[in-house]
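Next comes work.cif, a file with mmCIF, C-alpha atoms.
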data_data
loop_
_atom_site.label_atom_id
_atom_site.label_comp_id
_atom_site.auth_asym_id
_atom_site.auth_seq_id
_atom_site.Cartn_x
_atom_site.Cartn_y
_atom_site.Cartn_z
CA MET A 295 4.64 -18.07 4.64
CA THR A 296 5.50 -16.47 1.35
CA ASP A 297 8.85 -16.00 -0.27
CA LEU A 298 8.53 -12.75 -2.16
CA SER A 299 11.50 -11.05 -3.70
CA GLU A 300 12.68 -7.72 -2.35
CA VAL A 301 13.79 -6.48 -5.76
CA GLY A 302 10.29 -7.04 -7.13
CA PHE A 303 8.55 -5.06 -4.42
CA LEU A 304 11.01 -2.18 -4.29
CA GLY A 305 11.14 -2.14 -8.09
CA LEU A 306 7.34 -1.91 -8.17
CA SER A 307 7.24 0.95 -5.69
CA GLY A 308 10.12 2.70 -7.51
CA GLY A 309 8.27 2.29 -10.80
CA LEU A 310 5.05 3.66 -9.35
CA LEU A 311 6.92 6.65 -7.90
CA ALA A 312 8.48 7.29 -11.33
CA ILE A 313 5.05 7.07 -13.03
CA GLY A 314 3.60 9.46 -10.45
CA LEU A 315 6.49 11.88 -10.90
CA PHE A 316 6.02 11.77 -14.67
CA GLY A 317 2.32 12.50 -14.26
CA ILE A 318 2.96 15.39 -11.86
CA LEU A 319 5.41 16.95 -14.33
CA THR A 320 3.34 16.54 -17.50
CA ARG A 321 -0.39 16.67 -16.77
CA ARG A 322 -2.09 20.06 -16.80
CA ASN A 323 -5.53 18.86 -15.75
CA PHE A 324 -5.91 19.33 -11.98
CA ILE A 325 -7.75 16.01 -11.47
CA LEU A 326 -5.05 14.09 -13.38
CA LEU A 327 -2.46 15.88 -11.24
CA LEU A 328 -4.25 14.68 -8.08
CA ILE A 329 -4.31 11.13 -9.46
CA ALA A 330 -0.56 11.29 -10.21
CA ILE A 331 0.09 12.45 -6.63
CA GLU A 332 -2.03 9.55 -5.36
CA ILE A 333 0.01 7.06 -7.41
CA ALA A 334 3.25 8.44 -5.94
CA MET A 335 1.81 8.35 -2.40
CA ASN A 336 0.68 4.76 -2.89
CA ALA A 337 4.26 3.86 -3.85
CA ALA A 338 5.43 5.25 -0.49
CA ILE A 339 2.67 3.43 1.43
CA LEU A 340 3.58 0.17 -0.35
CA ASN A 341 7.16 0.59 0.92
CA PHE A 342 5.95 1.00 4.51
CA VAL A 343 3.77 -2.13 4.24
CA TYR A 344 6.54 -4.10 2.59
CA PHE A 345 9.16 -3.29 5.23
CA ALA A 346 6.58 -3.84 7.99
CA ALA A 347 6.02 -7.37 6.68
CA PHE A 348 9.72 -8.16 7.00
CA SER A 349 10.33 -6.74 10.50
CA SER A 350 9.43 -8.59 13.65
CA GLY A 351 7.59 -7.18 16.68
CA ALA A 352 7.07 -3.45 17.21
CA PRO A 353 8.84 -2.14 14.06
CA GLY A 354 6.59 -4.24 11.86
CA LEU A 355 3.46 -2.98 13.57
CA THR A 356 4.75 0.61 13.49
CA GLY A 357 5.15 0.33 9.72
CA GLN A 358 1.53 -0.72 9.36
CA SER A 359 0.37 2.04 11.74
CA ILE A 360 2.22 4.67 9.71
CA ALA A 361 0.61 3.26 6.56
CA VAL A 362 -2.84 3.69 8.17
CA VAL A 363 -2.05 7.33 9.02
CA LEU A 364 -0.66 7.95 5.51
CA ILE A 365 -3.84 6.59 3.88
CA GLY A 366 -5.79 9.11 6.00
CA PHE A 367 -3.45 11.93 4.93
CA ALA A 368 -3.85 10.99 1.27
CA ALA A 369 -7.66 11.04 1.52
CA THR A 370 -7.50 14.47 3.20
CA GLU A 371 -5.24 15.76 0.45
CA VAL A 372 -7.71 14.64 -2.24
CA ALA A 373 -10.57 16.40 -0.42
CA VAL A 374 -8.66 19.71 -0.25
CA GLY A 375 -7.44 19.25 -3.83
CA LEU A 376 -11.00 18.83 -5.08
CA GLY A 377 -11.98 21.95 -3.12
CA ILE A 378 -9.31 23.84 -5.09
CA VAL A 379 -10.59 22.24 -8.34
CA LEU A 380 -14.14 23.45 -7.64
CA ALA A 381 -12.96 26.95 -6.70
CA LEU A 382 -10.75 27.16 -9.80
CA ASN A 383 -13.59 25.95 -12.03
CA ARG A 384 -15.95 28.58 -10.63
CA VAL A 385 -13.49 31.48 -10.82
CA LYS A 386 -11.78 30.67 -14.15
CA GLY A 387 -14.13 28.18 -15.85
CA THR A 388 -11.28 25.69 -16.33
CA ILE A 389 -9.38 23.13 -14.26
CA ASN A 390 -6.00 23.78 -15.88
CA VAL A 391 -3.33 24.08 -13.17
CA ALA A 392 -1.70 26.96 -15.04
CA TYR A 393 -4.53 29.21 -13.83
CA ALA A 394 -4.36 28.09 -10.20
CA THR A 395 -2.14 31.04 -9.23
CA GLU A 396 -5.07 33.38 -10.02
CA LEU A 397 -6.92 32.00 -6.99
CA LYS A 398 -4.65 34.07 -4.75
CA LEU A 399 -6.35 36.72 -2.66
CA MET B 283 5.71 -20.44 -2.83
CA ILE B 284 5.81 -20.26 -6.61
CA LEU B 285 2.09 -19.53 -6.67
CA GLU B 286 2.56 -16.44 -4.49
CA GLU B 287 5.41 -15.19 -6.64
CA LEU B 288 3.28 -15.63 -9.74
CA ALA B 289 0.41 -13.80 -8.02
CA PHE B 290 2.74 -10.95 -7.10
CA LEU B 291 4.10 -10.74 -10.64
CA ALA B 292 0.58 -10.59 -12.07
CA LEU B 293 -0.55 -7.97 -9.52
CA ALA B 294 2.60 -5.87 -10.04
CA SER B 295 2.18 -5.84 -13.83
CA VAL B 296 -1.48 -4.88 -13.50
CA ALA B 297 -0.52 -2.10 -11.05
CA VAL B 298 2.08 -0.59 -13.41
CA ALA B 299 -0.16 -0.98 -16.48
CA THR B 300 -3.20 0.63 -14.84
CA ALA B 301 -1.09 3.46 -13.35
CA ILE B 302 0.29 4.28 -16.81
CA ALA B 303 -3.12 3.88 -18.48
CA SER B 304 -4.80 6.19 -15.95
CA LEU B 305 -2.39 8.99 -16.84
CA LEU B 306 -2.42 8.46 -20.61
CA VAL B 307 -6.08 7.90 -21.56
CA ARG B 308 -7.83 11.03 -22.77
CA GLU B 309 -11.27 10.58 -21.25
CA LEU B 310 -11.30 11.50 -17.57
CA VAL B 311 -13.98 8.95 -16.66
CA HIS B 312 -11.80 6.17 -18.10
CA THR B 313 -8.95 7.54 -15.98
CA ILE B 314 -11.11 7.03 -12.88
CA LEU B 315 -11.92 3.46 -13.94
CA TRP B 316 -8.23 2.64 -14.39
CA ILE B 317 -7.25 4.24 -11.08
CA ALA B 318 -10.01 2.27 -9.31
CA ILE B 319 -8.53 -0.96 -10.68
CA PHE B 320 -5.09 0.27 -9.54
CA PHE B 321 -6.34 0.82 -5.97
CA VAL B 322 -8.06 -2.60 -5.81
CA ASP B 323 -4.89 -4.20 -7.17
CA LEU B 324 -2.73 -2.54 -4.47
CA SER B 325 -5.17 -3.76 -1.84
CA ALA B 326 -4.64 -7.32 -3.13
CA ILE B 327 -0.88 -6.79 -2.77
CA TYR B 328 -1.41 -5.76 0.88
CA PHE B 329 -3.34 -8.98 1.46
CA LEU B 330 -0.40 -10.84 -0.09
CA LEU B 331 1.93 -9.11 2.41
CA ASP B 332 -0.12 -10.38 5.37
CA ALA B 333 -1.64 -6.96 6.12
CA PRO B 334 -5.40 -7.58 5.69
CA PHE B 335 -6.38 -4.54 7.79
CA LEU B 336 -4.52 -2.25 5.42
CA GLY B 337 -5.99 -4.10 2.45
CA VAL B 338 -9.52 -3.46 3.66
CA LEU B 339 -8.65 0.15 4.51
CA GLN B 340 -7.24 0.62 1.01
CA LEU B 341 -10.45 -0.81 -0.49
CA GLY B 342 -12.69 1.42 1.63
CA VAL B 343 -10.76 4.69 1.54
CA TYR B 344 -9.10 4.61 -1.89
CA ALA B 345 -11.17 2.32 -4.10
CA GLY B 346 -14.35 3.57 -2.42
CA ALA B 347 -14.13 7.12 -1.13
CA VAL B 348 -11.34 8.69 -3.19
CA THR B 349 -12.65 7.24 -6.46
CA ILE B 350 -16.18 8.53 -5.83
CA LEU B 351 -14.79 11.91 -4.74
CA LEU B 352 -12.79 12.20 -7.98
CA LEU B 353 -15.88 11.20 -10.00
CA PHE B 354 -17.88 13.94 -8.26
CA GLY B 355 -15.07 16.36 -9.09
CA ILE B 356 -15.40 15.47 -12.78
CA MET B 357 -19.21 15.60 -12.73
CA THR B 358 -19.30 19.07 -11.19
CA THR B 359 -16.67 20.63 -13.44
CA ARG B 360 -17.75 19.59 -16.93
CA LYS B 361 -20.80 20.04 -19.08
CA ARG B 362 -20.45 16.66 -20.77
CA ILE B 363 -19.00 13.96 -18.54
CA PHE B 364 -17.52 11.88 -21.37
CA SER B 365 -15.73 14.76 -23.10
CA ARG B 366 -12.16 14.14 -24.16
CA GLU B 367 -9.10 15.96 -22.91
CA ALA B 368 -6.73 17.68 -25.30
CA ALA B 369 -3.64 15.54 -25.85
CA THR B 370 -0.81 16.88 -23.72
CA GLY B 371 1.91 14.62 -25.13
CA ILE B 372 4.61 12.79 -23.24
CA GLY B 373 7.41 15.35 -22.90
CA ALA B 374 11.03 14.23 -23.21
CA VAL B 375 12.43 15.88 -20.06
CA PRO B 376 9.77 14.58 -17.59
CA PHE B 377 10.01 11.12 -19.16
CA ALA B 378 13.81 11.11 -18.83
CA LEU B 379 13.54 12.34 -15.23
CA ALA B 380 11.08 9.55 -14.38
CA VAL B 381 13.33 6.92 -15.98
CA VAL B 382 16.40 8.25 -14.11
CA THR B 383 14.44 8.19 -10.81
CA PHE B 384 13.38 4.61 -11.47
CA ILE B 385 16.92 3.46 -12.33
CA PHE B 386 18.32 5.25 -9.26
CA LEU B 387 15.77 3.61 -6.95
CA VAL B 388 16.25 0.12 -8.41
CA ALA B 389 20.04 0.52 -8.18
CA ALA B 390 19.66 1.37 -4.48
CA VAL B 391 17.71 -1.85 -3.82
CA GLY B 392 20.95 -3.84 -3.58
CA GLU B 393 21.95 -1.77 -0.53
CA PHE B 394 19.30 -3.45 1.63
CA PRO B 395 19.97 -6.79 3.31
CA GLN B 396 18.19 -9.61 1.53
CA SER B 397 15.39 -11.13 3.57
CA SER B 398 13.54 -14.34 2.89
CA SER B 399 9.92 -14.31 3.98
CA PRO B 400 7.48 -12.04 5.86
CA ILE B 401 7.78 -12.57 9.59
CA THR B 402 5.10 -10.22 10.90
CA VAL B 403 2.05 -12.27 11.79
CA TYR B 404 -1.26 -10.44 11.52
CA ASP B 405 -2.54 -9.76 15.05
CA PRO B 406 -5.37 -7.20 15.25
CA ALA B 407 -4.98 -6.67 19.02
CA ALA B 408 -1.25 -5.93 18.76
CA LEU B 409 -1.81 -3.68 15.73
CA SER B 410 -4.52 -1.63 17.46
CA ALA B 411 -2.37 -1.33 20.61
CA ASN B 412 0.50 -0.07 18.47
CA LEU B 413 -1.73 2.26 16.46
CA PHE B 414 -3.52 3.88 19.41
CA ASN B 415 -0.82 3.74 22.10
CA VAL B 416 2.62 3.96 20.51
CA ASN B 417 1.55 5.96 17.44
CA GLY B 418 -1.34 7.72 19.14
CA PRO B 419 0.17 11.22 18.59
CA TRP B 420 0.30 10.63 14.82
CA LEU B 421 -3.34 9.60 14.82
CA LEU B 422 -4.19 12.73 16.83
CA LEU B 423 -2.23 14.84 14.33
CA LEU B 424 -4.15 13.17 11.49
CA GLY B 425 -7.44 14.07 13.18
CA LEU B 426 -6.38 17.70 13.64
CA ILE B 427 -5.19 17.97 10.02
CA MET B 428 -8.48 16.47 8.80
CA LEU B 429 -10.35 19.07 10.87
CA ALA B 430 -8.23 21.84 9.35
CA ALA B 431 -8.85 20.33 5.89
CA VAL B 432 -12.61 20.44 6.40
CA GLY B 433 -12.34 24.14 7.28
CA GLY B 434 -10.02 24.78 4.33
CA ALA B 435 -12.27 22.99 1.84
CA ILE B 436 -15.34 24.93 3.04
CA TYR B 437 -13.35 28.19 2.76
CA LEU B 438 -12.29 27.30 -0.79
CA VAL B 439 -15.74 26.46 -2.14
CA ARG B 440 -17.73 29.14 -0.30
CA GLU B 441 -19.97 31.53 -2.22
CA GLY B 442 -18.87 35.01 -3.21
CA ARG B 443 -15.28 34.27 -4.18
CA GLU B 444 -15.53 35.46 -7.77
#
Kindly return the structure encoded in the file as structure tokens.
Amino acid sequence: MTDLSEVGFLGLSGGLLAIGLFGILTRRNFILLLIAIEIAMNAAILNFVYFAAFSSGAPGLTGQSIAVVLIGFAATEVAVGLGIVLALNRVKGTINVAYATELKL
Amino acid sequence: MILEELAFLALASVAVATAIASLLVRELVHTILWIAIFFVDLSAIYFLLDAPFLGVLQLGVYAGAVTILLLFGIMTTRKRIFSREAATGIGAVPFALAVVTFIFLVAAVGEFPQSSSPITVYDPAALSANLFNVNGPWLLLLGLIMLAAVGGAIYLVREGRE
């Protein structure tokens, strides 16, 4: 059906990974950090879907299956991350990641 | 053909712009709005790649559940929802690292064999057989990790931790 360029797709996922990496390294707010991780994970999922679309038979379907599992993992990670955010906010009154080490037992 | 390429170009530019905007705006609620647009945009890209099941899953899980979860996170941690964040700046080293990563990844694109058009035809029966039979263990692992995550989240937010 479609004739989409490989460079465009892989460039997009590379760009999204770079944006996510930049966010992970610079943002101090825990929720922004979670969002940056989500952007980077979406770049990886996009790669799986892209390569699945260009493989025939079982490999193509396996790519889509792995993408389904990865979406589930990402949602789980956000749930646990928000649990940490709530705990940090209650203990320290802030959601700055610099204080996250003080949650240790 | 040209229409699909134009659609991809438009979707890709919106994806990059919203991803950058979500990390740079200073009001957290605006961040959530931008990231919701980003998730919907990626779901449109999945539809373009002939993966409608993943597109719908992306809409339901990311644009729906994750966005609402993040909004709840903001609502429960601040006194005023629309308060602004302190500017954290861009930072030269992280920016350079991100640019180097991007250039490295784009330079590696040439290593892959060039392909012409998607050849996987969407077939829900074949996809579900692959998902539940061939990749069944991964799905089981996902279920177990989600169960552990529920326990972990309850442990984290329980009373009496101060």
Margin query: Just the number, please: distance in Å from CA of Thr320 in chain A to CA of Ile378 in chain A, one decimal.
Written below: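 Separation between CA of Thr320 in chain A and CA of Ile378 in chain A: 19.2 Å.
Residue membership of the PyMOL selection byres ((chain B and resi 431) around 8) in the shown file amounts to Thr370, Glu371, Ala373 and Val374 of chain A; Ile427, Met428, Leu429, Ala430, Val432, Gly433, Gly434 and Ala435 of chain B.
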Margin query: Just want the 12 Å neighbourhood of Leu336 in chain B, counted on all atoms listed in the file, with same-chain residues fewer than 4 positions away dropped. Output as a ChimeraX atom specification.
Written below: /A:339-340,342-344,346-347,355,357-366 /B:321-322,324-332,340-344,404,406,409
Margin query: Considering only C-alpha atoms, can you say which of A:Ser307, A:Asn336, A:Ser299, A:Thr388 comes closest to Ala368 in chain A?
Written below: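 Selected residue with least distance to Ala368 in chain A: A:Asn336.
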Next item on the list: Decode the PyMOL selection byres ((chain A and resi 324-335) around 8) for the given file into explicit residues and return them as a VMD selection string.
Entry: (chain A and resid 310 to 318 321 to 323 336 to 339 368 372 375 to 376 379 389 to 391) or (chain B and resid 301 305 310 317 352 355 to 356)
